[in-house]
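Following: one structure in structure tokens, then a few remarks.
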Amino acid sequence: MNDHHAVTLLLPWYVNGTLNEQEMASVEAHLLGCADCREAVATDVEEARHLSTTTDEARVEALTARRAAGFEALRGQIRGNPPRRRPVAPTRWLPALAALLVIGAVLPAAWLTPRPAVYELRTSHLAHEGPVLQLVFRDGTSAEDIDLLIRTSGTLIGPPSSGGVYRVALASDDPQALLERIRAHPLVRWAEIEL
Amino acid sequence: MTEAELLDAVAGADEGALRELYDRYYPRLARFLVRMTTDDELVAEIVNDTFLVVWQKAAGFRGDASPSTWIIGICYRKALKALARLPPTVSLDEAETAATAPDALEAKLGMRRAIARLSPRHRAVVILTYQFGYSYREIGEIVHCPENTVKTRMHHARKALKKLLEAES
Ligand SMILES: [Zn+2]
């Protein structure tokens with residue numbers, strides 16, 4: 001099997017932490033022996049960091065602040081356009097109904113549960129070498145923001161300490177530059193590279 | 001109310017439920033769309049195009065996708081349609097440079113410009129992956145593509161990005 005190619009295709013989602021356990025394990029196993037893929041991960045991490053730190057939040061906020069007027073315009077549009085009826089199957093309705101009842105017994109809980117958070121903190125099974133960053137976030141920083149910032153800096157090593165210190169194996173050739181960028185981040189209270 | 005319940009209410013012509021979804025989704029859709037166009041009017045227009053479809057087709061939402069991938073998928077298709085109407089010369093470069101130059105690093109500008117120059121389809125998978133944190137399965141639901149297509153599209157997007165970044169420096 002062309003392991004390298006298959007792994008290459010998965011790397012962006014390795015970086016964003018959404019692969020399943022099995023895919024995660026196969027990528028990590030491959031990374032141990034493939035410098036090209038390790039380099040590609042570093043590039044991906046860099047791209048993800050750029051995207052997450054340049055979000056044009058001011059534009060988003062200005063647009064969102066004007067949404068009441070937008071909704072009024074939308075109300076004008078929907079007036080003459082009632083929602084379409086639920087599609088019904090006129091023939092063979094009995095088997096369909098039976099199927100619905102069976103599905104209904106199993107699925108609604110899954111349908112109604114909000115999708116699981118994409119962001120969950122992931123720790124690496126890989127042995128790490130190289131610089132380790134310690135950082136503390138400001139109070140009230142969301143788990144989603146913490147995860148994104150960590151993922152775009154490197155790989156989390158273990159859970160945070162009871163004092164809220166996160167340790168991250170850095171995926172960067174220039175840890176000092178990364179440290180400065182992290183320190184400049186509004187959600188970071190304190191950051192230092194471990195000696 | 002969950003988003004699935006809100007969609008159900010919208011299917012029954014409940015304007016209040018539509019308003020609730022609109023408020024919940026506005027920032028998320030705007031965050032996606034400001035990456036796709038520098039034109040704020042167009043962003044507002046695409047959000048409304050999206051919600052007009054949500055209103056009309058809420059009954060067709062089946063719950064095999066999540067409400068979020070369903071709604072963002074509609075927004076994605078409306079954005080592609082709107083962008084296809086535009087002349088390709090609308091420059092993201094200058095507006096982005098002006099907006100961020102004071103405090104941005106040169107490398108950051110390079111990356112922004114490069115992403116802005118990707119084709120809309122490529123740009124969307126990059127944004128949905130790195131900024132929104134969606135899995136390739138969810139992106140497949142959003143863009144109505146098989147998972148393998150999502151993977152190869154991302155692969156091509158990264159190659160194009162690499163080329164653009166090399167051309168920058
Ligand atoms: Zn490899």
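Numbering starts fresh at 1 for the residues of each chain in the structure tokens, the chains themselves are lettered A, B, ... in the order given, and ligands are numbered from 1 as they appear.
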
Leaving out range 65-69 of chain B and any residue of its chain fewer than 3 positions from it, which residues lie within 9 Å of it when counting only C-alpha atoms, given as a tab-separated table (two decimals) with N, CA and C atoms, in the first residue's frame?
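Output file around-v5.tsv is given in full below:
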chain	number	residue	atom	x	y	z
A	111	TRP	N	-30.17	12.46	16.36
A	111	TRP	CA	-30.47	13.63	15.53
A	111	TRP	C	-30.51	14.90	16.34
A	114	PRO	N	-26.72	17.96	19.81
A	114	PRO	CA	-25.85	18.81	19.00
A	114	PRO	C	-24.61	18.03	18.58
A	115	ARG	N	-24.04	18.38	17.44
A	115	ARG	CA	-22.87	17.64	16.99
A	115	ARG	C	-21.78	17.77	18.04
B	3	GLU	N	-30.74	23.14	17.40
B	3	GLU	CA	-30.85	23.65	16.03
B	3	GLU	C	-31.76	22.76	15.19
B	4	ALA	N	-31.75	21.47	15.46
B	4	ALA	CA	-32.64	20.57	14.71
B	4	ALA	C	-34.10	20.91	15.02
B	7	LEU	N	-35.03	24.06	13.18
B	7	LEU	CA	-35.29	23.80	11.76
B	7	LEU	C	-36.68	23.19	11.58
B	25	TYR	N	-26.49	31.94	13.58
B	25	TYR	CA	-25.58	31.61	12.48
B	25	TYR	C	-24.90	32.80	11.84
B	61	PHE	N	-34.64	19.03	5.50
B	61	PHE	CA	-33.52	18.67	6.36
B	61	PHE	C	-33.85	17.37	7.08
B	62	ARG	N	-33.00	16.38	6.93
B	62	ARG	CA	-33.36	15.05	7.41
B	62	ARG	C	-32.61	14.60	8.63
B	72	ILE	N	-24.27	25.55	6.49
B	72	ILE	CA	-23.03	26.07	5.90
B	72	ILE	C	-22.89	25.58	4.46
B	73	GLY	N	-23.40	24.38	4.18
B	73	GLY	CA	-23.39	23.87	2.81
B	73	GLY	C	-24.21	24.74	1.87
B	74	ILE	N	-25.38	25.17	2.34
B	74	ILE	CA	-26.21	26.07	1.52
B	74	ILE	C	-25.46	27.38	1.29
B	138	GLU	N	-17.28	15.86	7.38
B	138	GLU	CA	-18.22	16.98	7.47
B	138	GLU	C	-18.09	17.89	6.25
B	139	ILE	N	-16.86	18.10	5.80
B	139	ILE	CA	-16.66	18.95	4.62
B	139	ILE	C	-17.32	18.29	3.40
B	141	GLU	N	-20.02	16.60	3.49
B	141	GLU	CA	-21.45	16.94	3.59
B	141	GLU	C	-21.70	18.38	3.15
B	142	ILE	N	-20.79	19.26	3.54
B	142	ILE	CA	-20.98	20.68	3.24
B	142	ILE	C	-20.89	20.94	1.74
B	143	VAL	N	-19.86	20.40	1.11
B	143	VAL	CA	-19.65	20.73	-0.30
B	143	VAL	C	-20.30	19.68	-1.23

Worksheet item: When the cut-off is 7 Å and you count only C-alpha atoms and all ligand atoms, which residues lie near ligand 1, shown as a PyMOL selection string?
Response: chain A and resi 4-5+7-8+30-31+34-37

Kindly export the residues of the current selection with N, CA and C atoms, as an mmCIF file, in the first residue's frame.
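Result file selection-v9.cif:
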data_model
loop_
_atom_site.group_PDB
_atom_site.id
_atom_site.type_symbol
_atom_site.label_atom_id
_atom_site.label_comp_id
_atom_site.auth_asym_id
_atom_site.auth_seq_id
_atom_site.Cartn_x
_atom_site.Cartn_y
_atom_site.Cartn_z
ATOM 1 N N HIS A 4 2.523 6.429 2.308
ATOM 2 C CA HIS A 4 2.909 7.838 2.312
ATOM 3 C C HIS A 4 1.831 8.710 1.671
ATOM 4 N N HIS A 5 1.353 8.294 0.494
ATOM 5 C CA HIS A 5 0.350 9.101 -0.201
ATOM 6 C C HIS A 5 -0.942 9.195 0.612
ATOM 7 N N VAL A 7 -1.328 8.903 3.776
ATOM 8 C CA VAL A 7 -1.124 9.748 4.964
ATOM 9 C C VAL A 7 -1.078 11.219 4.565
ATOM 10 N N THR A 8 -0.406 11.498 3.450
ATOM 11 C CA THR A 8 -0.335 12.884 2.968
ATOM 12 C C THR A 8 -1.722 13.494 2.846
ATOM 13 N N HIS A 30 3.303 6.605 10.901
ATOM 14 C CA HIS A 30 4.011 6.957 9.674
ATOM 15 C C HIS A 30 4.949 8.156 9.891
ATOM 16 N N LEU A 31 4.495 9.108 10.669
ATOM 17 C CA LEU A 31 5.300 10.324 10.892
ATOM 18 C C LEU A 31 6.663 9.998 11.509
ATOM 19 N N CYS A 34 8.917 9.278 8.536
ATOM 20 C CA CYS A 34 8.858 10.028 7.280
ATOM 21 C C CYS A 34 9.090 11.522 7.518
ATOM 22 N N ALA A 35 10.275 11.970 7.154
ATOM 23 C CA ALA A 35 10.637 13.380 7.368
ATOM 24 C C ALA A 35 9.795 14.300 6.488
ATOM 25 N N ASP A 36 9.474 13.846 5.274
ATOM 26 C CA ASP A 36 8.660 14.676 4.372
ATOM 27 C C ASP A 36 7.308 14.993 5.010
ATOM 28 N N CYS A 37 6.697 13.978 5.574
ATOM 29 C CA CYS A 37 5.383 14.190 6.183
ATOM 30 C C CYS A 37 5.494 15.054 7.432
#

Worksheet entry | Expected answer as a PyMOL selection string: chain B residues within 8 Å of chain A, only C-alpha atoms | chain B and resi 2-5+10-13+19+22-23+26-27+30-31+34+40+44+48+51-52+55-60+63-64+66+108+111-112+127+129-131+133-136+151-152+154-155

Selected residues written out, N, CA and C atoms, as a short mmCIF file (atom, residue, chain, number, x, y, z; two decimals), in the first residue's frame:
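Generated file (again21.cif):
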data_model
loop_
_atom_site.label_atom_id
_atom_site.label_comp_id
_atom_site.auth_asym_id
_atom_site.auth_seq_id
_atom_site.Cartn_x
_atom_site.Cartn_y
_atom_site.Cartn_z
N THR B 2 -32.76 23.01 20.39
CA THR B 2 -31.61 22.61 19.58
C THR B 2 -31.82 23.15 18.16
N GLU B 3 -30.74 23.14 17.40
CA GLU B 3 -30.85 23.65 16.03
C GLU B 3 -31.76 22.76 15.19
N ALA B 4 -31.75 21.47 15.46
CA ALA B 4 -32.64 20.57 14.71
C ALA B 4 -34.10 20.91 15.02
N GLU B 5 -34.39 21.21 16.27
CA GLU B 5 -35.76 21.58 16.66
C GLU B 5 -36.15 22.91 16.01
N VAL B 10 -39.07 25.96 11.78
CA VAL B 10 -39.01 26.76 10.55
C VAL B 10 -39.82 26.07 9.45
N ALA B 11 -39.73 24.75 9.40
CA ALA B 11 -40.49 24.00 8.39
C ALA B 11 -41.99 24.25 8.55
N GLY B 12 -42.39 24.57 9.79
CA GLY B 12 -43.79 24.90 10.05
C GLY B 12 -44.05 26.40 9.96
N ALA B 13 -43.19 27.13 9.26
CA ALA B 13 -43.37 28.56 8.98
C ALA B 13 -43.28 29.43 10.23
N ARG B 19 -35.66 33.54 12.96
CA ARG B 19 -34.88 34.64 13.52
C ARG B 19 -33.80 34.12 14.47
N TYR B 22 -31.07 32.60 12.49
CA TYR B 22 -30.38 33.69 11.80
C TYR B 22 -29.39 34.35 12.76
N ASP B 23 -29.84 34.64 13.97
CA ASP B 23 -28.96 35.27 14.96
C ASP B 23 -27.81 34.34 15.34
N TYR B 26 -25.41 34.00 12.08
CA TYR B 26 -24.86 35.15 11.36
C TYR B 26 -23.34 35.28 11.50
N PRO B 27 -22.82 35.27 12.74
CA PRO B 27 -21.36 35.44 12.86
C PRO B 27 -20.58 34.31 12.18
N ALA B 30 -20.75 34.80 8.45
CA ALA B 30 -19.96 35.99 8.08
C ALA B 30 -18.47 35.67 8.14
N ARG B 31 -18.07 34.91 9.16
CA ARG B 31 -16.66 34.56 9.31
C ARG B 31 -16.17 33.74 8.11
N VAL B 34 -16.37 36.36 4.82
CA VAL B 34 -15.37 37.44 4.67
C VAL B 34 -14.07 36.89 4.09
N ASP B 40 -18.60 43.60 1.68
CA ASP B 40 -19.51 43.37 2.81
C ASP B 40 -20.97 43.28 2.38
N ALA B 44 -23.60 40.15 3.18
CA ALA B 44 -24.95 40.26 3.74
C ALA B 44 -25.97 39.63 2.78
N ASN B 48 -28.47 36.26 3.41
CA ASN B 48 -29.93 36.25 3.20
C ASN B 48 -30.36 35.23 2.16
N PHE B 51 -30.50 32.02 4.00
CA PHE B 51 -31.65 31.82 4.89
C PHE B 51 -32.98 31.74 4.16
N LEU B 52 -33.02 32.31 2.96
CA LEU B 52 -34.24 32.12 2.17
C LEU B 52 -34.38 30.64 1.81
N TRP B 55 -35.37 28.69 4.93
CA TRP B 55 -36.82 28.88 5.14
C TRP B 55 -37.63 27.95 4.24
N GLN B 56 -37.26 27.93 2.97
CA GLN B 56 -38.08 27.17 2.02
C GLN B 56 -37.87 25.67 2.15
N LYS B 57 -36.63 25.27 2.50
CA LYS B 57 -36.32 23.84 2.43
C LYS B 57 -36.11 23.18 3.79
N ALA B 58 -36.45 23.87 4.86
CA ALA B 58 -36.22 23.29 6.19
C ALA B 58 -36.86 21.91 6.32
N ALA B 59 -37.99 21.72 5.64
CA ALA B 59 -38.67 20.42 5.73
C ALA B 59 -37.83 19.31 5.10
N GLY B 60 -36.91 19.70 4.22
CA GLY B 60 -36.07 18.70 3.55
C GLY B 60 -34.86 18.32 4.38
N GLY B 63 -31.60 15.31 9.00
CA GLY B 63 -30.87 14.86 10.18
C GLY B 63 -29.82 13.81 9.88
N ASP B 64 -29.61 13.50 8.60
CA ASP B 64 -28.46 12.63 8.32
C ASP B 64 -27.19 13.47 8.25
N SER B 66 -25.61 17.23 10.06
CA SER B 66 -25.94 18.08 11.21
C SER B 66 -26.53 19.38 10.66
N LYS B 108 2.60 36.99 7.29
CA LYS B 108 1.17 36.86 7.47
C LYS B 108 0.45 37.41 6.24
N MET B 111 0.69 35.01 3.38
CA MET B 111 -0.24 33.89 3.51
C MET B 111 -1.66 34.34 3.17
N ARG B 112 -2.05 35.50 3.64
CA ARG B 112 -3.40 36.01 3.35
C ARG B 112 -3.60 36.20 1.86
N ILE B 127 -10.36 26.92 4.41
CA ILE B 127 -10.99 27.65 5.52
C ILE B 127 -11.77 26.68 6.42
N THR B 129 -11.33 23.61 6.92
CA THR B 129 -10.45 22.72 7.68
C THR B 129 -9.70 23.48 8.77
N TYR B 130 -8.98 24.50 8.38
CA TYR B 130 -8.06 25.13 9.34
C TYR B 130 -8.73 26.17 10.22
N GLN B 131 -9.71 26.87 9.70
CA GLN B 131 -10.33 27.92 10.51
C GLN B 131 -11.54 27.38 11.27
N GLY B 133 -12.26 23.98 11.60
CA GLY B 133 -11.97 22.72 12.28
C GLY B 133 -12.91 21.58 11.93
N TYR B 134 -13.45 21.57 10.71
CA TYR B 134 -14.32 20.47 10.29
C TYR B 134 -13.49 19.26 9.85
N SER B 135 -14.04 18.07 10.05
CA SER B 135 -13.42 16.85 9.55
C SER B 135 -13.67 16.75 8.06
N TYR B 136 -12.91 15.88 7.38
CA TYR B 136 -13.14 15.76 5.93
C TYR B 136 -14.53 15.16 5.63
N LYS B 151 -10.45 15.13 0.09
CA LYS B 151 -9.02 14.95 0.40
C LYS B 151 -8.15 15.40 -0.77
N THR B 152 -8.51 15.00 -1.99
CA THR B 152 -7.65 15.38 -3.11
C THR B 152 -7.78 16.88 -3.40
N MET B 154 -8.21 19.20 -1.21
CA MET B 154 -7.35 19.85 -0.22
C MET B 154 -5.88 19.70 -0.62
N HIS B 155 -5.54 18.52 -1.12
CA HIS B 155 -4.18 18.26 -1.56
C HIS B 155 -3.77 19.25 -2.65
#

Discussion item. I'd like to know which of A:Val188, A:Val41, A:Ala25, A:Ala69 is closest to Thr141 in chain A, using only C-alpha atoms.
Written reply: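 Among the listed residues, the smallest separation from Thr141 in chain A belongs to A:Val188.
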
Worksheet item: So how many Å separate CA of Leu86 in chain B and CA of Ile115 in chain B, to one decimal?
Response: 18.1 Å

Fill in: Picked from range 108-149 of chain B by DSSP as alpha helix (DSSP H), as a ChimeraX atom specification
/B:108-117,120-126,136-143,147-149
